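*Asks:* File follows, structure-v9.txt with compact mmCIF, C-alpha atoms (C1' of nucleotides):
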# COMPACT_ATOMS: atom_id res chain seq x y z
CA MET A 23 8.35 -19.09 -4.49
CA LEU A 24 8.83 -15.57 -3.22
CA PRO A 25 8.07 -15.11 0.50
CA GLU A 26 5.30 -12.87 1.78
CA LEU A 27 6.17 -9.33 2.80
CA ASP A 28 4.57 -8.41 6.12
CA PRO A 29 1.89 -5.95 4.94
CA LEU A 30 2.18 -3.99 8.14
CA LEU A 31 5.76 -3.14 7.34
CA HIS A 32 5.39 -2.98 3.58
CA SER A 33 4.04 0.54 3.71
CA GLN A 34 6.29 3.48 3.07
CA LEU A 35 5.42 5.47 6.16
CA ARG A 36 5.27 2.59 8.62
CA LEU A 37 8.54 1.25 7.25
CA ALA A 38 10.09 4.68 7.68
CA VAL A 39 8.92 4.86 11.30
CA ILE A 40 10.26 1.41 12.12
CA SER A 41 13.49 2.12 10.28
CA ILE A 42 14.02 5.26 12.36
CA LEU A 43 13.12 3.52 15.60
CA ILE A 44 15.51 0.66 14.88
CA GLY A 45 18.30 3.20 14.57
CA SER A 46 17.46 5.50 17.48
CA ASP A 47 16.35 4.07 20.79
CA GLU A 48 13.24 6.24 20.89
CA ALA A 49 11.70 9.07 18.93
CA ASP A 50 8.83 11.43 19.55
CA PHE A 51 5.93 12.36 17.30
CA VAL A 52 7.39 15.69 16.27
CA PHE A 53 10.71 14.14 15.34
CA LEU A 54 9.06 11.36 13.34
CA ARG A 55 6.91 13.91 11.57
CA LYS A 56 9.91 15.92 10.48
CA ALA A 57 12.06 12.92 9.65
CA THR A 58 9.41 11.30 7.49
CA GLY A 59 7.79 14.43 6.08
CA ALA A 60 4.39 12.91 6.76
CA THR A 61 1.31 14.83 7.76
CA ALA A 62 0.36 14.59 11.42
CA GLY A 63 -2.87 12.77 10.61
CA ASN A 64 -1.24 10.09 8.55
CA LEU A 65 1.54 9.62 11.08
CA SER A 66 -0.95 9.35 13.93
CA VAL A 67 -2.84 6.58 12.12
CA GLN A 68 0.24 4.61 11.16
CA ILE A 69 1.73 4.86 14.66
CA GLU A 70 -1.50 3.50 16.05
CA LYS A 71 -1.37 0.55 13.63
CA LEU A 72 2.17 -0.29 14.61
CA ARG A 73 1.21 -0.02 18.26
CA GLU A 74 -1.84 -2.29 17.83
CA ALA A 75 0.39 -4.84 16.14
CA GLY A 76 2.75 -4.71 19.11
CA TYR A 77 5.64 -3.55 16.95
CA ILE A 78 6.12 -0.32 18.90
CA SER A 79 5.19 1.02 22.30
CA VAL A 80 3.80 4.51 22.65
CA GLU A 81 4.09 6.65 25.74
CA LYS A 82 2.34 9.91 26.35
CA SER A 83 3.82 12.42 28.74
CA PHE A 84 4.47 16.13 29.10
CA ARG A 85 7.60 18.03 28.32
CA GLY A 86 7.01 21.09 30.39
CA LYS A 87 3.41 21.92 29.65
CA MET A 88 3.32 20.51 26.14
CA PRO A 89 2.14 16.99 25.40
CA ARG A 90 4.67 14.54 24.06
CA THR A 91 4.20 11.18 22.37
CA THR A 92 7.23 8.97 22.46
CA CYS A 93 7.64 5.78 20.42
CA GLN A 94 9.95 2.87 20.96
CA ILE A 95 10.34 -0.29 18.97
CA THR A 96 9.50 -3.50 20.86
CA PRO A 97 11.33 -6.84 20.63
CA GLU A 98 8.47 -8.10 18.44
CA GLY A 99 8.95 -5.08 16.24
CA VAL A 100 12.65 -5.81 15.90
CA THR A 101 11.93 -9.43 14.95
CA ALA A 102 9.24 -8.43 12.48
CA PHE A 103 11.57 -5.92 10.86
CA GLU A 104 14.37 -8.47 10.62
CA ASN A 105 12.03 -10.97 9.01
CA TYR A 106 10.75 -8.33 6.62
CA VAL A 107 14.24 -7.35 5.54
CA GLU A 108 15.19 -10.98 5.03
CA ALA A 109 12.09 -11.66 2.95
CA LEU A 110 12.70 -8.51 0.95
CA GLN A 111 16.22 -9.63 0.04
CA ASN A 112 14.62 -12.28 -2.16
CA TYR A 113 13.09 -9.53 -4.28
CA LEU A 114 16.30 -7.55 -4.67
CA PRO A 115 19.32 -8.15 -6.91
CA LYS A 116 22.13 -10.05 -5.17
CA MET B 10 14.72 12.84 4.88
CA LEU B 11 13.84 9.40 3.59
CA PRO B 12 13.32 9.22 -0.18
CA GLU B 13 10.01 8.30 -1.77
CA LEU B 14 9.47 4.69 -2.77
CA ASP B 15 7.94 4.45 -6.26
CA PRO B 16 4.41 3.33 -5.37
CA LEU B 17 4.17 1.35 -8.58
CA LEU B 18 7.00 -0.87 -7.45
CA HIS B 19 6.24 -0.80 -3.74
CA SER B 20 3.58 -3.47 -4.08
CA GLN B 21 4.37 -7.07 -3.28
CA LEU B 22 3.07 -8.60 -6.48
CA ARG B 23 4.34 -5.95 -8.89
CA LEU B 24 7.72 -6.02 -7.18
CA ALA B 25 7.78 -9.80 -7.54
CA VAL B 26 6.99 -9.56 -11.25
CA ILE B 27 9.68 -6.98 -11.88
CA SER B 28 12.14 -8.90 -9.76
CA ILE B 29 11.55 -12.02 -11.85
CA LEU B 30 11.74 -10.13 -15.12
CA ILE B 31 15.02 -8.48 -14.14
CA GLY B 32 16.48 -11.93 -13.61
CA SER B 33 15.05 -13.75 -16.63
CA ASP B 34 14.94 -12.04 -19.98
CA GLU B 35 11.25 -12.76 -20.41
CA ALA B 36 8.51 -14.70 -18.66
CA ASP B 37 4.98 -15.68 -19.59
CA PHE B 38 1.78 -15.30 -17.64
CA VAL B 39 1.65 -18.91 -16.53
CA PHE B 40 5.20 -18.84 -15.27
CA LEU B 41 4.65 -15.58 -13.38
CA ARG B 42 1.50 -17.00 -11.89
CA LYS B 43 3.30 -20.03 -10.53
CA ALA B 44 6.40 -18.16 -9.47
CA THR B 45 4.43 -15.56 -7.52
CA GLY B 46 1.57 -17.73 -6.30
CA ALA B 47 -0.84 -14.95 -7.28
CA THR B 48 -4.33 -15.47 -8.60
CA ALA B 49 -4.75 -14.92 -12.34
CA GLY B 50 -7.02 -11.92 -11.80
CA ASN B 51 -4.62 -10.12 -9.53
CA LEU B 52 -1.67 -10.88 -11.80
CA SER B 53 -3.58 -9.66 -14.84
CA VAL B 54 -4.33 -6.34 -13.15
CA GLN B 55 -0.80 -5.78 -11.89
CA ILE B 56 0.77 -6.67 -15.25
CA GLU B 57 -1.48 -4.13 -16.90
CA LYS B 58 -0.40 -1.45 -14.43
CA LEU B 59 3.26 -2.16 -15.08
CA ARG B 60 2.61 -2.07 -18.80
CA GLU B 61 0.72 1.24 -18.60
CA ALA B 62 3.63 2.69 -16.67
CA GLY B 63 5.99 1.55 -19.39
CA TYR B 64 7.95 -0.65 -17.00
CA ILE B 65 7.25 -3.83 -18.97
CA SER B 66 6.19 -4.75 -22.48
CA VAL B 67 3.54 -7.37 -23.02
CA GLU B 68 3.21 -9.51 -26.12
CA LYS B 69 0.34 -11.79 -26.94
CA SER B 70 0.88 -14.76 -29.21
CA PHE B 71 -0.06 -18.40 -29.57
CA ARG B 72 1.90 -21.43 -28.54
CA GLY B 73 0.22 -24.02 -30.73
CA LYS B 74 -3.43 -23.19 -30.31
CA MET B 75 -3.23 -21.79 -26.82
CA PRO B 76 -2.85 -18.08 -26.12
CA ARG B 77 0.31 -16.90 -24.52
CA THR B 78 1.14 -13.63 -22.82
CA THR B 79 4.81 -12.86 -22.57
CA CYS B 80 6.29 -10.09 -20.46
CA GLN B 81 9.62 -8.35 -20.73
CA ILE B 82 11.07 -5.58 -18.66
CA THR B 83 11.80 -2.34 -20.54
CA PRO B 84 14.80 -0.05 -20.09
CA GLU B 85 12.51 2.33 -18.15
CA GLY B 86 11.52 -0.60 -15.97
CA VAL B 87 15.14 -1.43 -15.26
CA THR B 88 15.86 2.17 -14.31
CA ALA B 89 12.78 2.41 -12.13
CA PHE B 90 13.73 -0.79 -10.35
CA GLU B 91 17.29 0.38 -9.80
CA ASN B 92 16.03 3.66 -8.37
CA TYR B 93 13.57 1.83 -6.17
CA VAL B 94 16.24 -0.47 -4.78
CA GLU B 95 18.53 2.47 -4.12
CA ALA B 96 15.78 4.39 -2.31
CA LEU B 97 14.86 1.32 -0.34
CA GLN B 98 18.43 0.92 0.93
CA ASN B 99 17.85 4.02 3.03
CA TYR B 100 15.13 2.20 4.93
CA LEU B 101 17.21 -0.92 5.59
CA PRO B 102 19.95 -1.54 8.12
CA LYS B 103 23.46 -1.00 6.73
C1' DT C 14 -5.96 40.53 28.87
C1' DA C 15 -8.31 39.35 24.73
C1' DA C 16 -7.53 37.72 20.27
C1' DA C 17 -4.73 35.31 17.08
C1' DT C 18 -1.40 31.86 16.24
C1' DT C 19 1.10 27.78 17.18
C1' DT C 20 1.72 23.16 18.96
C1' DG C 21 0.65 18.47 19.27
C1' DG C 22 -2.02 15.74 18.19
C1' DT C 23 -6.96 12.76 16.63
C1' DT C 24 -10.96 11.70 13.80
C1' DC C 25 -13.00 10.94 9.74
C1' DA C 26 -14.30 11.16 4.83
C1' DT C 27 -12.40 10.14 0.61
C1' DA C 28 -9.33 8.45 -2.82
C1' DC C 29 -6.54 4.87 -3.98
C1' DT C 30 -4.98 -0.11 -4.08
C1' DA C 31 -5.14 -4.93 -3.90
C1' DT C 32 -7.59 -8.89 -4.33
C1' DA C 33 -10.36 -12.77 -5.72
C1' DA C 34 -14.83 -14.19 -7.54
C1' DA C 35 -17.16 -14.38 -11.57
C1' DC C 36 -16.81 -14.31 -16.24
C1' DT C 37 -15.12 -15.01 -21.36
C1' DA C 38 -13.23 -17.57 -24.99
C1' DG C 39 -11.35 -21.22 -26.55
C1' DT C 40 -9.11 -26.32 -26.09
C1' DT C 41 -8.63 -30.92 -24.67
C1' DT C 42 -10.45 -35.14 -22.92
C1' DA C 43 -13.78 -38.77 -22.21
C1' DT D 26 -21.02 -33.48 -27.28
C1' DA D 27 -20.58 -32.62 -22.57
C1' DA D 28 -17.41 -31.90 -18.92
C1' DA D 29 -13.24 -30.21 -17.49
C1' DC D 30 -9.30 -27.55 -18.23
C1' DT D 31 -6.31 -23.46 -19.91
C1' DA D 32 -5.34 -18.71 -20.22
C1' DG D 33 -6.58 -15.03 -19.29
C1' DT D 34 -9.99 -10.31 -18.24
C1' DT D 35 -13.51 -7.71 -15.88
C1' DT D 36 -15.48 -6.19 -11.95
C1' DA D 37 -17.17 -5.82 -7.25
C1' DT D 38 -15.56 -5.45 -2.82
C1' DA D 39 -12.50 -5.21 1.03
C1' DG D 40 -8.60 -3.04 2.74
C1' DT D 41 -5.19 0.85 2.97
C1' DA D 42 -3.33 5.39 2.82
C1' DT D 43 -3.94 10.05 3.04
C1' DG D 44 -4.86 14.80 4.31
C1' DA D 45 -8.55 18.04 5.53
C1' DA D 46 -11.00 19.31 9.28
C1' DC D 47 -11.14 19.27 13.85
C1' DC D 48 -9.83 19.75 19.10
C1' DA D 49 -7.60 21.34 23.36
C1' DA D 50 -4.14 23.54 25.39
C1' DA D 51 -0.09 26.77 25.20
C1' DT D 52 2.08 30.63 23.47
C1' DT D 53 2.54 34.88 21.21
C1' DT D 54 0.94 39.34 19.82
C1' DA D 55 -1.42 43.63 20.16
So that I can check it, write out the structure of this file as structure tokens.
*Replies:*
Amino acid sequence: MLPELDPLLHSQLRLAVISILIGSDEADFVFLRKATGATAGNLSVQIEKLREAGYISVEKSFRGKMPRTTCQITPEGVTAFENYVEALQNYLPK
Amino acid sequence: MLPELDPLLHSQLRLAVISILIGSDEADFVFLRKATGATAGNLSVQIEKLREAGYISVEKSFRGKMPRTTCQITPEGVTAFENYVEALQNYLPK
DNA sequence: TAAATTTGGTTCATACTATAAACTAGTTTA
DNA sequence: TAAACTAGTTTATAGTATGAACCAAATTTA
């Protein structure tokens, strides 16, 4: 029987965020927004969901006088992504 | 920028159905139900969505006296799946 | 320096999606 | 013939995704 696909990762935007964070060590809100093409509102919500789940950590700081939200994937996030990719392989052609 | 993932295919159950149909030439409702572990109601709805989209064809017949619903992937379904898989590759580690 | 615009977000209402419970229609079994 | 089973469909609800509207501060423009 086909394995479950972690619903938290099986969402286009959240998957995109995690995919980017796996590749680059960290990324800020503005970068993620441009890289994904998402609206700020949607991105804000999905980042919060990933944070709640413990898949990413979010740090708020200032770059000069402007606020900055930086995201990093956590070890749990890495594991979850690896599991997701492995499960997904079962749905894809060999 | 990351490509869009066809929302019709980016759904666990519909993806499972298409994935099975790509592999086997045709499959009936009962088989799909067991192979996916889905409830009949959910499967019925998702099959109808795939049919509406033209990704699968659905044929109703009788095996003896019992009704039988058989599904087959269409050429459009094959193309859509191929495109989906290609788009998805951009989200996965190389 | 006051007003307008931009930046970097968050909140929230709504639209969309997935899901299973309840139902239908018929068949088999006891 | 009544109970239980098969093969589904319909439908109500819960969950999810999305962008419009908002906010506060910074920057630009006039």
*Asks:* Counting only C-alpha atoms (C1' of nucleotides), what is within 10 Å of stretch 18-34 of chain C, bar same-chain residues fewer than 6 positions away, as a ChimeraX atom specification?
*Replies:* /A:51-52,62-63,66-67,88-91 /B:20-22,47-52,54-55 /D:36-54
*Asks:* Have a look at atom CA of B:Asn92 and atom CA of A:Leu31 and let me know their distance in Å, one decimal.
*Replies:* 20.0 Å
*Asks:* Select all residues from chain D having any atom no more than 10 Å from an atom of chain B (counting only C-alpha atoms (C1' of nucleotides), ignoring ligands), output as a list in words.
*Replies:*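 Here is what falls inside 10 Å: DT31, DA32, DG33, DT34 and DT35 of chain D.
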*Asks:* Kindly determine which residues of chain A lie within 10 Å of chain B, considering all atoms listed in the file, and give the answer as an MDAnalysis selection string.
*Replies:* chainID A and resid 23:29 32:35 37:42 44:45 56:59 103:104 106:107 110 112:115
*Asks:* Save out the residues we just selected, C-alpha atoms, as an mmCIF file, in the coordinates of the input.
*Replies:*
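So the final result, stored in part.cif, reads:
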data_model
loop_
_atom_site.group_PDB
_atom_site.id
_atom_site.type_symbol
_atom_site.label_atom_id
_atom_site.label_comp_id
_atom_site.auth_asym_id
_atom_site.auth_seq_id
_atom_site.Cartn_x
_atom_site.Cartn_y
_atom_site.Cartn_z
ATOM 1 C CA MET A 23 8.350 -19.090 -4.490
ATOM 2 C CA LEU A 24 8.830 -15.570 -3.220
ATOM 3 C CA PRO A 25 8.070 -15.110 0.500
ATOM 4 C CA GLU A 26 5.300 -12.870 1.780
ATOM 5 C CA LEU A 27 6.170 -9.330 2.800
ATOM 6 C CA ASP A 28 4.570 -8.410 6.120
ATOM 7 C CA PRO A 29 1.890 -5.950 4.940
ATOM 8 C CA HIS A 32 5.390 -2.980 3.580
ATOM 9 C CA SER A 33 4.040 0.540 3.710
ATOM 10 C CA GLN A 34 6.290 3.480 3.070
ATOM 11 C CA LEU A 35 5.420 5.470 6.160
ATOM 12 C CA LEU A 37 8.540 1.250 7.250
ATOM 13 C CA ALA A 38 10.090 4.680 7.680
ATOM 14 C CA VAL A 39 8.920 4.860 11.300
ATOM 15 C CA ILE A 40 10.260 1.410 12.120
ATOM 16 C CA SER A 41 13.490 2.120 10.280
ATOM 17 C CA ILE A 42 14.020 5.260 12.360
ATOM 18 C CA ILE A 44 15.510 0.660 14.880
ATOM 19 C CA GLY A 45 18.300 3.200 14.570
ATOM 20 C CA LYS A 56 9.910 15.920 10.480
ATOM 21 C CA ALA A 57 12.060 12.920 9.650
ATOM 22 C CA THR A 58 9.410 11.300 7.490
ATOM 23 C CA GLY A 59 7.790 14.430 6.080
ATOM 24 C CA PHE A 103 11.570 -5.920 10.860
ATOM 25 C CA GLU A 104 14.370 -8.470 10.620
ATOM 26 C CA TYR A 106 10.750 -8.330 6.620
ATOM 27 C CA VAL A 107 14.240 -7.350 5.540
ATOM 28 C CA LEU A 110 12.700 -8.510 0.950
ATOM 29 C CA ASN A 112 14.620 -12.280 -2.160
ATOM 30 C CA TYR A 113 13.090 -9.530 -4.280
ATOM 31 C CA LEU A 114 16.300 -7.550 -4.670
ATOM 32 C CA PRO A 115 19.320 -8.150 -6.910
#
*Asks:* Starting from 4 Å padding per side, set up an axis-aligned box that covers all listed atoms of stretch 36-55 of chain D and hand over centre and edge lengths in Å, one decimal, as AutoDock Vina command-line options.
*Replies:*
--center_x -7.3 --center_y 18.7 --center_z 6.7 --size_x 27.7 --size_y 57.8 --size_z 45.3
*Asks:* What is the distance, in Å and to one decimal place, between atom CA of A:Glu98 and atom CA of B:Ala96?
*Replies:* 25.3 Å
*Asks:* How far is it from atom CA of A:Gly99 to atom CA of A:Arg55, in Å with one decimal?
*Replies:*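 Between atom CA of A:Gly99 and atom CA of A:Arg55 the gap works out to 19.7 Å.
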*Asks:* From the options A:Arg73, A:Arg36, A:Arg85, A:Lys116, which residue's atoms come nearest to chain C, counting only C-alpha atoms (C1' of nucleotides)?
*Replies:*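 For chain C, the nearest of the candidates is A:Arg85.
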*Asks:* Name the closest residue to chain C among the candidates A:Thr101, A:Ser79, A:Thr92, A:Ser46; distances are taken between atoms, counting all atoms listed in the file.
*Replies:*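 Nearest candidate to chain C out of A:Thr101, A:Ser79, A:Thr92, A:Ser46: A:Thr92.
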*Asks:* Please list as JSON, numbers by chain every residue within 9 Å of A:Pro97, counting only C-alpha atoms (C1' of nucleotides) and excluding residues in the same chain fewer than 2 positions away.
*Replies:* {"A": [76, 77, 78, 95, 99, 100, 101, 102]}
